[in-house]
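Structure data (compact mmCIF, C-alpha atoms and all ligand atoms) from my_file-v3.txt:
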# COMPACT_ATOMS: atom_id res chain seq x y z
CA MET A 1 104.78 125.97 83.65
CA ILE A 2 103.33 122.49 83.23
CA ASN A 3 103.22 121.09 79.70
CA GLY A 4 103.60 124.61 78.37
CA LYS A 5 100.30 125.71 79.95
CA HIS A 6 99.48 128.08 82.81
CA HIS A 7 96.37 126.35 83.85
CA VAL A 8 96.21 125.50 87.54
CA ILE A 9 95.97 127.65 90.67
CA ILE A 10 95.48 127.05 94.38
CA THR A 11 92.21 128.78 95.27
CA GLY A 12 91.89 127.73 98.91
CA THR A 13 94.03 126.53 101.80
CA GLY A 14 93.32 125.19 105.27
CA HIS A 15 94.98 123.42 108.13
CA ALA A 16 94.07 121.60 111.32
CA VAL A 17 96.15 120.59 114.33
CA PRO A 18 95.10 118.91 117.58
CA THR A 19 94.68 121.13 120.63
CA ARG A 20 96.95 119.13 122.95
CA VAL A 21 100.46 120.61 123.15
CA LEU A 22 103.46 118.45 124.02
CA SER A 23 106.38 120.66 125.05
CA ASN A 24 110.07 119.85 125.29
CA LEU A 25 109.68 120.09 129.06
CA ASP A 26 106.95 117.42 128.93
CA LEU A 27 109.32 115.19 126.95
CA GLU A 28 112.04 115.69 129.58
CA GLN A 29 109.70 113.85 131.95
CA MET A 30 109.24 110.96 129.51
CA VAL A 31 112.71 110.18 128.07
CA ASP A 32 116.37 111.01 128.71
CA THR A 33 116.42 114.29 126.78
CA SER A 34 116.53 118.01 127.45
CA ASP A 35 114.83 121.11 126.15
CA GLU A 36 118.29 122.43 125.30
CA TRP A 37 119.20 119.35 123.16
CA ILE A 38 115.90 119.43 121.27
CA ARG A 39 116.03 123.20 120.66
CA THR A 40 119.61 123.32 119.48
CA ARG A 41 119.58 120.11 117.40
CA THR A 42 116.13 120.52 115.83
CA GLY A 43 114.68 124.00 116.51
CA ILE A 44 111.52 122.40 117.89
CA LEU A 45 109.91 123.89 121.01
CA ARG A 46 106.57 122.10 121.04
CA ARG A 47 104.31 119.94 118.90
CA ARG A 48 100.59 119.02 118.79
CA ILE A 49 99.49 115.47 119.62
CA ALA A 50 96.14 113.92 118.70
CA ASP A 51 94.07 112.36 121.48
CA GLU A 52 93.03 108.71 121.45
CA HIS A 53 89.74 109.48 119.65
CA THR A 54 91.33 111.46 116.80
CA ALA A 55 92.67 109.82 113.64
CA THR A 56 94.26 111.16 110.48
CA SER A 57 90.94 111.41 108.61
CA ASP A 58 89.53 113.71 111.32
CA LEU A 59 92.33 116.25 110.91
CA ALA A 60 92.30 115.81 107.12
CA THR A 61 88.55 116.46 106.98
CA GLU A 62 88.85 119.62 109.05
CA ALA A 63 91.72 120.98 106.92
CA GLY A 64 89.82 120.08 103.74
CA ARG A 65 86.65 121.78 104.97
CA LEU A 66 88.60 124.97 105.67
CA ALA A 67 90.25 124.92 102.23
CA LEU A 68 86.85 124.50 100.55
CA ALA A 69 85.38 127.37 102.61
CA ASP A 70 88.39 129.53 101.78
CA ALA A 71 87.80 128.95 98.07
CA GLY A 72 84.01 129.23 98.32
CA VAL A 73 83.64 125.80 96.71
CA SER A 74 81.10 123.24 97.90
CA PRO A 75 82.08 119.57 98.40
CA ASP A 76 79.82 118.39 95.59
CA GLU A 77 81.90 120.41 93.11
CA LEU A 78 85.00 118.27 93.77
CA ASP A 79 86.25 115.87 91.09
CA LEU A 80 89.15 114.40 93.05
CA ILE A 81 90.36 114.00 96.62
CA ILE A 82 93.96 112.97 97.26
CA VAL A 83 95.15 112.35 100.80
CA ALA A 84 98.91 112.03 101.24
CA THR A 85 99.66 110.17 104.43
CA ILE A 86 101.86 107.52 106.03
CA THR A 87 99.44 107.13 108.93
CA PRO A 88 96.12 106.24 107.29
CA ASP A 89 93.24 105.46 109.65
CA MET A 90 93.63 101.83 108.55
CA LEU A 91 95.43 99.95 105.77
CA PHE A 92 92.27 100.11 103.70
CA PRO A 93 89.92 101.65 102.73
CA SER A 94 91.80 104.79 101.84
CA THR A 95 91.68 107.76 104.20
CA SER A 96 90.56 109.86 101.23
CA CYS A 97 87.33 107.81 101.05
CA LEU A 98 86.70 108.58 104.72
CA VAL A 99 87.30 112.27 104.03
CA GLN A 100 84.91 112.09 101.07
CA LYS A 101 82.22 110.60 103.34
CA ASN A 102 82.80 113.24 106.03
CA LEU A 103 82.60 116.08 103.52
CA GLY A 104 79.77 114.60 101.44
CA ALA A 105 81.85 115.03 98.30
CA TRP A 106 80.00 112.30 96.45
CA GLY A 107 81.21 113.23 92.97
CA ALA A 108 84.91 112.90 93.77
CA ALA A 109 87.28 110.08 92.90
CA CYS A 110 89.50 109.32 95.90
CA TYR A 111 92.91 107.89 96.55
CA ASP A 112 95.71 108.01 99.09
CA LEU A 113 99.36 108.31 98.29
CA SER A 114 102.37 107.38 100.36
CA ALA A 115 105.37 109.63 99.81
CA GLY A 116 106.30 110.42 103.41
CA CYS A 117 106.92 114.06 104.09
CA SER A 118 107.00 114.82 100.34
CA GLY A 119 103.33 113.78 100.24
CA LEU A 120 101.68 117.17 99.82
CA ILE A 121 103.91 118.09 96.88
CA TYR A 122 103.36 114.66 95.33
CA GLY A 123 99.60 115.17 95.74
CA LEU A 124 99.71 118.68 94.28
CA ASP A 125 101.75 117.46 91.32
CA MET A 126 99.27 114.63 90.65
CA ALA A 127 96.31 117.02 90.92
CA VAL A 128 97.93 119.61 88.67
CA ARG A 129 98.71 117.05 85.97
CA SER A 130 95.19 115.57 86.22
CA ILE A 131 93.72 119.02 85.68
CA VAL A 132 96.15 120.06 82.94
CA SER A 133 95.32 116.87 81.02
CA GLY A 134 91.70 117.99 80.99
CA GLY A 135 90.27 115.18 83.10
CA TYR A 136 89.33 117.13 86.22
CA ARG A 137 88.53 120.72 87.15
CA ARG A 138 88.78 120.72 90.96
CA ALA A 139 90.90 118.63 93.29
CA LEU A 140 91.30 118.70 97.05
CA VAL A 141 94.82 117.75 98.07
CA ILE A 142 95.43 117.06 101.73
CA GLY A 143 98.66 116.14 103.50
CA ALA A 144 97.75 114.63 106.86
CA ASP A 145 99.55 112.57 109.47
CA CYS A 146 99.26 111.47 113.08
CA VAL A 147 102.85 110.31 113.47
CA SER A 148 102.32 110.21 117.24
CA LYS A 149 100.25 107.06 116.66
CA ILE A 150 103.29 105.20 115.33
CA THR A 151 105.86 106.76 117.67
CA ASN A 152 107.62 104.96 120.49
CA PHE A 153 107.55 107.52 123.29
CA GLN A 154 110.43 105.68 124.93
CA ASP A 155 112.73 106.25 121.94
CA ARG A 156 114.34 109.66 122.35
CA THR A 157 115.84 109.61 118.86
CA THR A 158 112.40 109.85 117.23
CA CYS A 159 109.77 110.90 119.77
CA VAL A 160 111.03 114.46 120.13
CA LEU A 161 110.78 115.17 116.41
CA PHE A 162 107.22 114.62 115.26
CA GLY A 163 103.81 116.21 115.68
CA ASP A 164 100.32 115.67 114.23
CA GLY A 165 98.37 117.80 111.76
CA ALA A 166 96.84 118.29 108.34
CA GLY A 167 97.23 120.86 105.58
CA ALA A 168 94.94 121.15 102.56
CA CYS A 169 94.92 122.91 99.19
CA LEU A 170 92.06 123.29 96.76
CA VAL A 171 93.46 123.14 93.25
CA GLU A 172 91.44 124.42 90.29
CA ALA A 173 91.70 124.88 86.56
CA ALA A 174 92.26 128.55 85.67
CA ASP A 175 93.29 130.79 82.84
CA LYS A 176 96.04 132.58 84.80
CA ALA A 177 99.54 131.65 85.86
CA GLY A 178 99.69 129.51 88.98
CA VAL A 179 101.88 126.45 89.14
CA LEU A 180 104.99 127.39 87.15
CA ALA A 181 107.07 124.23 87.63
CA SER A 182 106.86 120.93 89.45
CA TYR A 183 109.36 118.14 89.94
CA LEU A 184 109.17 114.83 91.83
CA GLY A 185 111.81 112.21 92.47
CA ALA A 186 112.50 109.07 94.46
CA ASP A 187 115.35 106.74 95.40
CA GLY A 188 113.96 103.43 96.65
CA SER A 189 117.42 102.22 97.59
CA GLY A 190 116.91 104.35 100.72
CA TRP A 191 113.71 102.49 101.68
CA ASP A 192 115.18 101.40 105.02
CA LYS A 193 116.28 104.87 106.15
CA LEU A 194 112.82 105.77 107.42
CA LEU A 195 110.12 103.15 107.78
CA LEU A 196 107.38 101.33 109.66
CA ARG A 197 108.49 97.73 109.32
CA GLY A 198 105.50 95.77 110.63
CA GLY A 199 101.82 95.43 109.85
CA GLY A 200 102.11 95.09 106.06
CA SER A 201 102.36 92.03 103.80
CA ARG A 202 106.11 91.61 104.46
CA HIS A 203 105.69 91.35 108.22
CA PRO A 204 101.98 91.00 109.05
CA ALA A 205 101.06 92.19 112.54
CA SER A 206 101.67 89.44 115.09
CA ALA A 207 102.77 89.03 118.68
CA ALA A 208 106.34 88.82 117.35
CA THR A 209 106.16 92.10 115.39
CA LEU A 210 104.63 93.80 118.42
CA ALA A 211 107.35 92.47 120.71
CA ALA A 212 110.00 93.70 118.25
CA GLY A 213 108.44 97.18 118.19
CA TRP A 214 107.86 97.02 114.44
CA HIS A 215 104.67 99.06 114.82
CA TYR A 216 106.86 102.09 115.54
CA ILE A 217 108.69 104.45 113.21
CA GLU A 218 112.39 103.67 112.66
CA MET A 219 114.85 106.17 111.24
CA CYS A 220 118.55 106.60 110.44
CA GLY A 221 118.55 110.27 111.44
CA ASN A 222 122.03 111.17 110.23
CA ASP A 223 121.57 109.62 106.79
CA VAL A 224 118.21 111.33 106.34
CA PHE A 225 119.75 114.62 107.43
CA LYS A 226 122.52 114.51 104.80
CA PHE A 227 120.12 113.37 102.09
CA ALA A 228 117.66 116.13 103.03
CA VAL A 229 120.10 119.01 102.72
CA ARG A 230 121.46 117.75 99.38
CA ILE A 231 118.11 116.95 97.80
CA MET A 232 116.34 120.13 98.93
CA VAL A 233 118.98 122.17 97.15
CA GLU A 234 119.03 119.98 94.02
CA ALA A 235 115.23 119.85 93.70
CA SER A 236 114.91 123.60 94.28
CA LEU A 237 117.53 124.41 91.62
CA LYS A 238 115.78 122.04 89.18
CA VAL A 239 112.37 123.76 89.44
CA LEU A 240 113.95 127.20 89.46
CA ALA A 241 115.73 126.36 86.19
CA ASP A 242 112.52 124.88 84.73
CA ALA A 243 110.66 128.10 85.56
CA GLY A 244 113.52 130.31 84.30
CA LEU A 245 113.98 131.85 87.76
CA GLU A 246 116.82 132.52 90.20
CA PRO A 247 116.66 132.02 93.99
CA GLY A 248 116.48 135.82 94.34
CA ASP A 249 113.18 135.80 92.40
CA ILE A 250 111.50 133.76 95.14
CA ASP A 251 109.33 135.71 97.60
CA LEU A 252 108.79 132.83 100.01
CA PHE A 253 110.60 129.51 100.39
CA ILE A 254 108.44 126.95 102.21
CA PRO A 255 110.55 123.88 102.96
CA HIS A 256 109.39 120.74 104.72
CA GLN A 257 109.63 121.56 108.42
CA ALA A 258 111.74 118.72 109.81
CA ASN A 259 114.69 120.40 111.46
CA ILE A 260 115.81 124.03 111.60
CA ARG A 261 119.39 122.98 110.81
CA ILE A 262 118.28 121.25 107.59
CA ILE A 263 116.24 124.31 106.58
CA GLU A 264 119.05 126.76 107.34
CA SER A 265 121.69 124.69 105.51
CA ALA A 266 119.49 124.42 102.42
CA ALA A 267 118.55 128.11 102.53
CA GLN A 268 122.20 129.10 102.88
CA ARG A 269 123.27 126.95 99.92
CA LEU A 270 120.49 128.52 97.84
CA ASN A 271 121.65 131.99 98.92
CA LEU A 272 118.23 132.79 100.32
CA LYS A 273 117.82 135.61 102.83
CA GLU A 274 116.21 135.00 106.22
CA ASP A 275 113.03 136.87 105.28
CA GLN A 276 112.55 134.62 102.23
CA VAL A 277 112.21 131.49 104.41
CA TYR A 278 109.06 130.36 106.23
CA ILE A 279 109.66 128.55 109.52
CA ASN A 280 107.17 127.05 111.97
CA VAL A 281 109.02 123.87 112.98
CA ASP A 282 109.41 125.45 116.44
CA GLU A 283 105.64 125.39 116.92
CA TYR A 284 104.58 122.04 115.37
CA GLY A 285 107.68 119.86 115.00
CA ASN A 286 107.78 117.62 111.95
CA THR A 287 104.17 116.99 110.91
CA SER A 288 105.21 114.77 107.98
CA ALA A 289 102.92 115.10 104.95
CA ALA A 290 101.06 117.97 106.64
CA SER A 291 104.01 120.25 107.20
CA ILE A 292 104.17 122.18 103.92
CA GLY A 293 100.38 122.53 103.80
CA ILE A 294 100.21 123.93 107.33
CA ALA A 295 103.00 126.39 106.57
CA LEU A 296 101.42 127.47 103.27
CA ASP A 297 98.03 128.07 104.90
CA GLU A 298 99.58 130.03 107.77
CA ALA A 299 101.61 132.14 105.35
CA VAL A 300 98.55 132.95 103.21
CA ARG A 301 96.28 133.75 106.16
CA SER A 302 98.87 135.92 107.91
CA GLY A 303 99.38 138.02 104.76
CA ARG A 304 102.92 136.77 104.23
CA ILE A 305 101.88 135.66 100.71
CA LYS A 306 100.25 138.16 98.34
CA GLY A 307 99.05 138.02 94.75
CA GLY A 308 101.98 137.83 92.30
CA ASP A 309 104.38 136.35 94.88
CA ARG A 310 106.48 133.42 93.78
CA ILE A 311 106.49 130.57 96.26
CA LEU A 312 108.96 127.69 96.25
CA LEU A 313 107.79 124.53 98.05
CA VAL A 314 110.28 121.74 98.63
CA GLY A 315 110.03 118.49 100.57
CA PHE A 316 111.78 115.20 101.23
CA GLY A 317 110.75 112.07 103.06
CA ALA A 318 110.40 108.33 103.41
CA GLY A 319 110.90 106.30 100.29
CA LEU A 320 113.17 108.11 99.90
CA THR A 321 111.20 110.73 98.00
CA TRP A 322 111.45 114.41 97.18
CA GLY A 323 109.49 117.07 95.39
CA ALA A 324 109.60 120.77 94.58
CA MET A 325 107.09 123.18 93.09
CA ILE A 326 107.04 126.87 92.16
CA ILE A 327 103.73 128.68 92.36
CA GLU A 328 102.94 132.22 91.29
CA TRP A 329 100.25 133.15 93.78
CA VAL A 330 96.95 134.35 92.37
CA ASP A 331 94.65 136.28 94.71
CA LYS A 332 91.03 135.25 94.73
CA ALA A 333 89.00 137.36 92.35
O1 LIG B 401 110.79 114.26 107.57
C1 LIG B 401 111.87 113.43 107.46
C2 LIG B 401 112.05 112.80 108.80
N1 LIG B 401 113.32 112.83 109.41
C3 LIG B 401 114.17 113.85 109.52
O2 LIG B 401 114.06 114.89 108.97
C4 LIG B 401 115.34 113.63 110.44
C5 LIG B 401 116.62 114.16 109.91
N2 LIG B 401 117.64 114.05 110.92
C6 LIG B 401 117.74 114.91 111.95
O3 LIG B 401 116.99 115.84 112.06
C7 LIG B 401 118.86 114.70 112.93
O4 LIG B 401 119.73 113.69 112.45
C8 LIG B 401 118.36 114.30 114.36
C9 LIG B 401 117.65 115.51 115.01
C10 LIG B 401 117.40 113.13 114.28
C11 LIG B 401 119.53 113.93 115.25
O5 LIG B 401 120.44 115.01 115.33
P1 LIG B 401 121.99 114.76 115.14
O6 LIG B 401 122.65 116.04 115.35
O7 LIG B 401 122.17 114.07 113.82
O8 LIG B 401 122.32 113.82 116.37
P2 LIG B 401 122.90 112.34 116.36
O9 LIG B 401 121.89 111.37 115.86
O10 LIG B 401 124.25 112.37 115.72
O11 LIG B 401 123.10 112.10 117.92
C12 LIG B 401 124.02 112.87 118.69
C13 LIG B 401 123.90 112.42 120.13
C14 LIG B 401 123.93 110.90 120.30
O12 LIG B 401 124.63 110.62 121.49
P3 LIG B 401 126.18 110.12 121.43
O13 LIG B 401 126.16 108.86 120.63
O14 LIG B 401 126.91 111.25 120.73
O15 LIG B 401 126.52 109.95 122.85
C15 LIG B 401 122.47 110.55 120.51
O16 LIG B 401 122.31 109.38 121.28
O17 LIG B 401 122.66 112.86 120.67
C16 LIG B 401 121.99 111.74 121.28
N3 LIG B 401 120.54 111.95 121.17
C17 LIG B 401 119.85 112.65 122.08
N4 LIG B 401 120.22 113.25 123.23
C18 LIG B 401 119.26 113.88 123.92
C19 LIG B 401 119.73 111.55 120.19
N5 LIG B 401 118.46 111.97 120.43
C20 LIG B 401 118.53 112.64 121.61
C21 LIG B 401 117.57 113.32 122.40
N6 LIG B 401 117.97 113.91 123.52
N7 LIG B 401 116.27 113.40 122.03
How would this structure read if it were set down as structure tokens?
Amino acid sequence: MINGKHHVIITGTGHAVPTRVLSNLDLEQMVDTSDEWIRTRTGILRRRIADEHTATSDLATEAGRLALADAGVSPDELDLIIVATITPDMLFPSTSCLVQKNLGAWGAACYDLSAGCSGLIYGLDMAVRSIVSGGYRRALVIGADCVSKITNFQDRTTCVLFGDGAGACLVEAADKAGVLASYLGADGSGWDKLLLRGGGSRHPASAATLAAGWHYIEMCGNDVFKFAVRIMVEASLKVLADAGLEPGDIDLFIPHQANIRIIESAAQRLNLKEDQVYINVDEYGNTSAASIGIALDEAVRSGRIKGGDRILLVGFGAGLTWGAMIIEWVDKA
């Protein structure tokens, strides 16, 4: 429940991933790694990688188009487009403006937000609050990333983890229950745990930043791992308490898909059963801001989510940031 009102539902979902598959066996040919190490330490079997002509806005547009079609809403009915991404097509203009142009959604205000892998939940929270406050009726929220474009494929500690994709949700004002609780948080003291150091105003792109590899993602994997397990549990318990629910009341838990060990540890601490947890990290790897949106769309389209189900979304990411949301699913009329 947001501000004591039940006023916002997700009426459409969509996702897009590139066609090119990069398997663990392919990675064995590129860096000193093994299928066995990647499978057992991360649960990832393969991931999708965008080709040189594809950028984040292309995947975001496709996912957005599918979400609009799913809801039966035309682009000119949109009031707001939010794209959550850490891999925008360029520093500016925003990727959301490029999506607006591609869709022809000329009536929509547009902005990007940077919350790492928590991006989709941050975007949903912003859209929900914008609608609840009465300002907007329809928002398209897209989590989209091409992390492959900022990955050093000679660094085995990061290149095996990530994949590209986009997940979208159409969010609309309604008179039925939908979003029951939403919670966001951040701890900027962890800014250097997961970052792209170069190319911004601190270290503008130069021959020196290129030589240092500052155009590639850097991560303290172990620190992020420990943070992730702790914060997924804390954030989940917070929204459950806000909604007056217990873990057993949740029909489907959709966590950020970063690592099967993180997901299993969090699920175990929340006392969730295996069939309450959605997992597709094996198929796509960590798709950053897209991951929860891809999983949600797959779960809806495969019939794993039905009207009345209670869904718990939870994510964590660069910043450091986190977010959790509980949605009571409403079938389309
Ligand atoms: O969306 C948020 C983004 N980030 C994350 O979610 C990442 C969270 N962290 C993780 O998922 C895990 O920390 C990793 C999967 C990144 C690493 O797993 P780990 O079990 O924490 O391994 P580790 O970093 O402790 O490394 C263990 C060993 C090291 O070798 P030594 O020092 O023990 O000899 C690494 O050098 O594994 C080695 N290693 C690899 N070996 C084969 C690291 N990457 C690889 C690799 N292949 N790809």
With all atoms listed in the file counted and 8 Å as the cut-off, give the residues of chain A in contact with ligand LIG 401 (chain B), each with its shortest interatomic distance in Å and the pair that gives it, as CSV.
residue,atom,partner,partner_atom,distance
A:Val31,CA,B:LIG401,N7,7.7
A:Asp32,CA,B:LIG401,N6,6.2
A:Thr33,CA,B:LIG401,N6,3.6
A:Ser34,CA,B:LIG401,N6,5.9
A:Trp37,CA,B:LIG401,C18,5.5
A:Ile38,CA,B:LIG401,N7,6.1
A:Arg41,CA,B:LIG401,O6,5.5
A:Thr42,CA,B:LIG401,C9,5.3
A:Gly116,CA,B:LIG401,O1,7.2
A:Cys117,CA,B:LIG401,O1,5.2
A:Asp155,CA,B:LIG401,N7,8.0
A:Arg156,CA,B:LIG401,N7,4.2
A:Thr157,CA,B:LIG401,N5,3.9
A:Thr158,CA,B:LIG401,C10,6.7
A:Cys159,CA,B:LIG401,N7,7.3
A:Val160,CA,B:LIG401,N7,5.7
A:Leu161,CA,B:LIG401,C9,7.0
A:Leu194,CA,B:LIG401,C2,7.2
A:Met219,CA,B:LIG401,N1,7.1
A:Cys220,CA,B:LIG401,O4,7.5
A:Gly221,CA,B:LIG401,O4,3.8
A:Asn222,CA,B:LIG401,O4,4.1
A:Asp223,CA,B:LIG401,O4,7.2
A:Val224,CA,B:LIG401,C5,4.8
A:Phe225,CA,B:LIG401,C5,4.0
A:Lys226,CA,B:LIG401,C5,7.8
A:Ala228,CA,B:LIG401,O2,7.1
A:His256,CA,B:LIG401,O1,7.2
A:Gln257,CA,B:LIG401,O1,7.4
A:Ala258,CA,B:LIG401,O2,4.6
A:Asn259,CA,B:LIG401,O3,5.1
A:Arg261,CA,B:LIG401,O3,7.6
A:Ile262,CA,B:LIG401,O3,7.1
A:Asn286,CA,B:LIG401,O1,6.3
A:Thr287,CA,B:LIG401,O1,7.9
A:Ser288,CA,B:LIG401,O1,5.6
A:Phe316,CA,B:LIG401,C1,6.5
A:Gly317,CA,B:LIG401,C1,4.7
A:Ala318,CA,B:LIG401,C1,6.7
Just-selected residues, C-alpha atoms written as a short mmCIF file (atom, residue, chain, number, x, y, z; two decimals), in the frame of the given file:
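Printed below is selection-v2.cif as written:
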data_model
loop_
_atom_site.label_atom_id
_atom_site.label_comp_id
_atom_site.auth_asym_id
_atom_site.auth_seq_id
_atom_site.Cartn_x
_atom_site.Cartn_y
_atom_site.Cartn_z
CA VAL A 31 112.71 110.18 128.07
CA ASP A 32 116.37 111.01 128.71
CA THR A 33 116.42 114.29 126.78
CA SER A 34 116.53 118.01 127.45
CA TRP A 37 119.20 119.35 123.16
CA ILE A 38 115.90 119.43 121.27
CA ARG A 41 119.58 120.11 117.40
CA THR A 42 116.13 120.52 115.83
CA GLY A 116 106.30 110.42 103.41
CA CYS A 117 106.92 114.06 104.09
CA ASP A 155 112.73 106.25 121.94
CA ARG A 156 114.34 109.66 122.35
CA THR A 157 115.84 109.61 118.86
CA THR A 158 112.40 109.85 117.23
CA CYS A 159 109.77 110.90 119.77
CA VAL A 160 111.03 114.46 120.13
CA LEU A 161 110.78 115.17 116.41
CA LEU A 194 112.82 105.77 107.42
CA MET A 219 114.85 106.17 111.24
CA CYS A 220 118.55 106.60 110.44
CA GLY A 221 118.55 110.27 111.44
CA ASN A 222 122.03 111.17 110.23
CA ASP A 223 121.57 109.62 106.79
CA VAL A 224 118.21 111.33 106.34
CA PHE A 225 119.75 114.62 107.43
CA LYS A 226 122.52 114.51 104.80
CA ALA A 228 117.66 116.13 103.03
CA HIS A 256 109.39 120.74 104.72
CA GLN A 257 109.63 121.56 108.42
CA ALA A 258 111.74 118.72 109.81
CA ASN A 259 114.69 120.40 111.46
CA ARG A 261 119.39 122.98 110.81
CA ILE A 262 118.28 121.25 107.59
CA ASN A 286 107.78 117.62 111.95
CA THR A 287 104.17 116.99 110.91
CA SER A 288 105.21 114.77 107.98
CA PHE A 316 111.78 115.20 101.23
CA GLY A 317 110.75 112.07 103.06
CA ALA A 318 110.40 108.33 103.41
#
Asp145 in chain A: which residues within 9 Å, counting only C-alpha atoms, same-chain residues fewer than 3 positions away excluded, as a PDB file with C-alpha atoms, keeping the file's coordinate frame?
ATOM      1  CA  ALA A  55      92.670 109.820 113.640  1.00  0.00           C
ATOM      2  CA  THR A  56      94.260 111.160 110.480  1.00  0.00           C
ATOM      3  CA  SER A  57      90.940 111.410 108.610  1.00  0.00           C
ATOM      4  CA  LEU A  59      92.330 116.250 110.910  1.00  0.00           C
ATOM      5  CA  ALA A  60      92.300 115.810 107.120  1.00  0.00           C
ATOM      6  CA  ALA A  84      98.910 112.030 101.240  1.00  0.00           C
ATOM      7  CA  THR A  85      99.660 110.170 104.430  1.00  0.00           C
ATOM      8  CA  ILE A  86     101.860 107.520 106.030  1.00  0.00           C
ATOM      9  CA  THR A  87      99.440 107.130 108.930  1.00  0.00           C
ATOM     10  CA  PRO A  88      96.120 106.240 107.290  1.00  0.00           C
ATOM     11  CA  SER A 148     102.320 110.210 117.240  1.00  0.00           C
ATOM     12  CA  GLY A 163     103.810 116.210 115.680  1.00  0.00           C
ATOM     13  CA  ASP A 164     100.320 115.670 114.230  1.00  0.00           C
ATOM     14  CA  GLY A 165      98.370 117.800 111.760  1.00  0.00           C
ATOM     15  CA  ALA A 166      96.840 118.290 108.340  1.00  0.00           C
ATOM     16  CA  THR A 287     104.170 116.990 110.910  1.00  0.00           C
ATOM     17  CA  SER A 288     105.210 114.770 107.980  1.00  0.00           C
ATOM     18  CA  ALA A 289     102.920 115.100 104.950  1.00  0.00           C
ATOM     19  CA  ALA A 290     101.060 117.970 106.640  1.00  0.00           C
TER      20      ALA A 290
END
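Reported to one decimal place, the separation of CA of Ile9 in chain A from CA of Ala173 in chain A is 6.5 Å.
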Near-Arg138 in chain A list (9 Å; only C-alpha atoms; drop same-chain fewer than 2 positions) as a list in words: Glu77, Leu78, Asp79, Leu80, Ile81, Ala127, Ile131, Tyr136, Leu140, Leu170, Val171, Glu172 and Ala173 of chain A
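Distance check against Leu184 in chain A using all atoms listed in the file: of A:Ala208, A:Met126, A:Leu245, A:Met90, the minimum falls on A:Met126.
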For a cutoff of 9 Å around the file-coordinate point (103.0, 118.7, 121.4), which residues qualify once you count all atoms listed in the file? I'd like the result as a ChimeraX atom specification. /A:18-24,26,45-50,162-164,283-285
State, in Å with one decimal place, the distance from CA of Val239 in chain A to CA of Gly308 in chain A. 17.7 Å
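One finds CA of Asp125 in chain A at 22.0 Å from CA of Glu62 in chain A.
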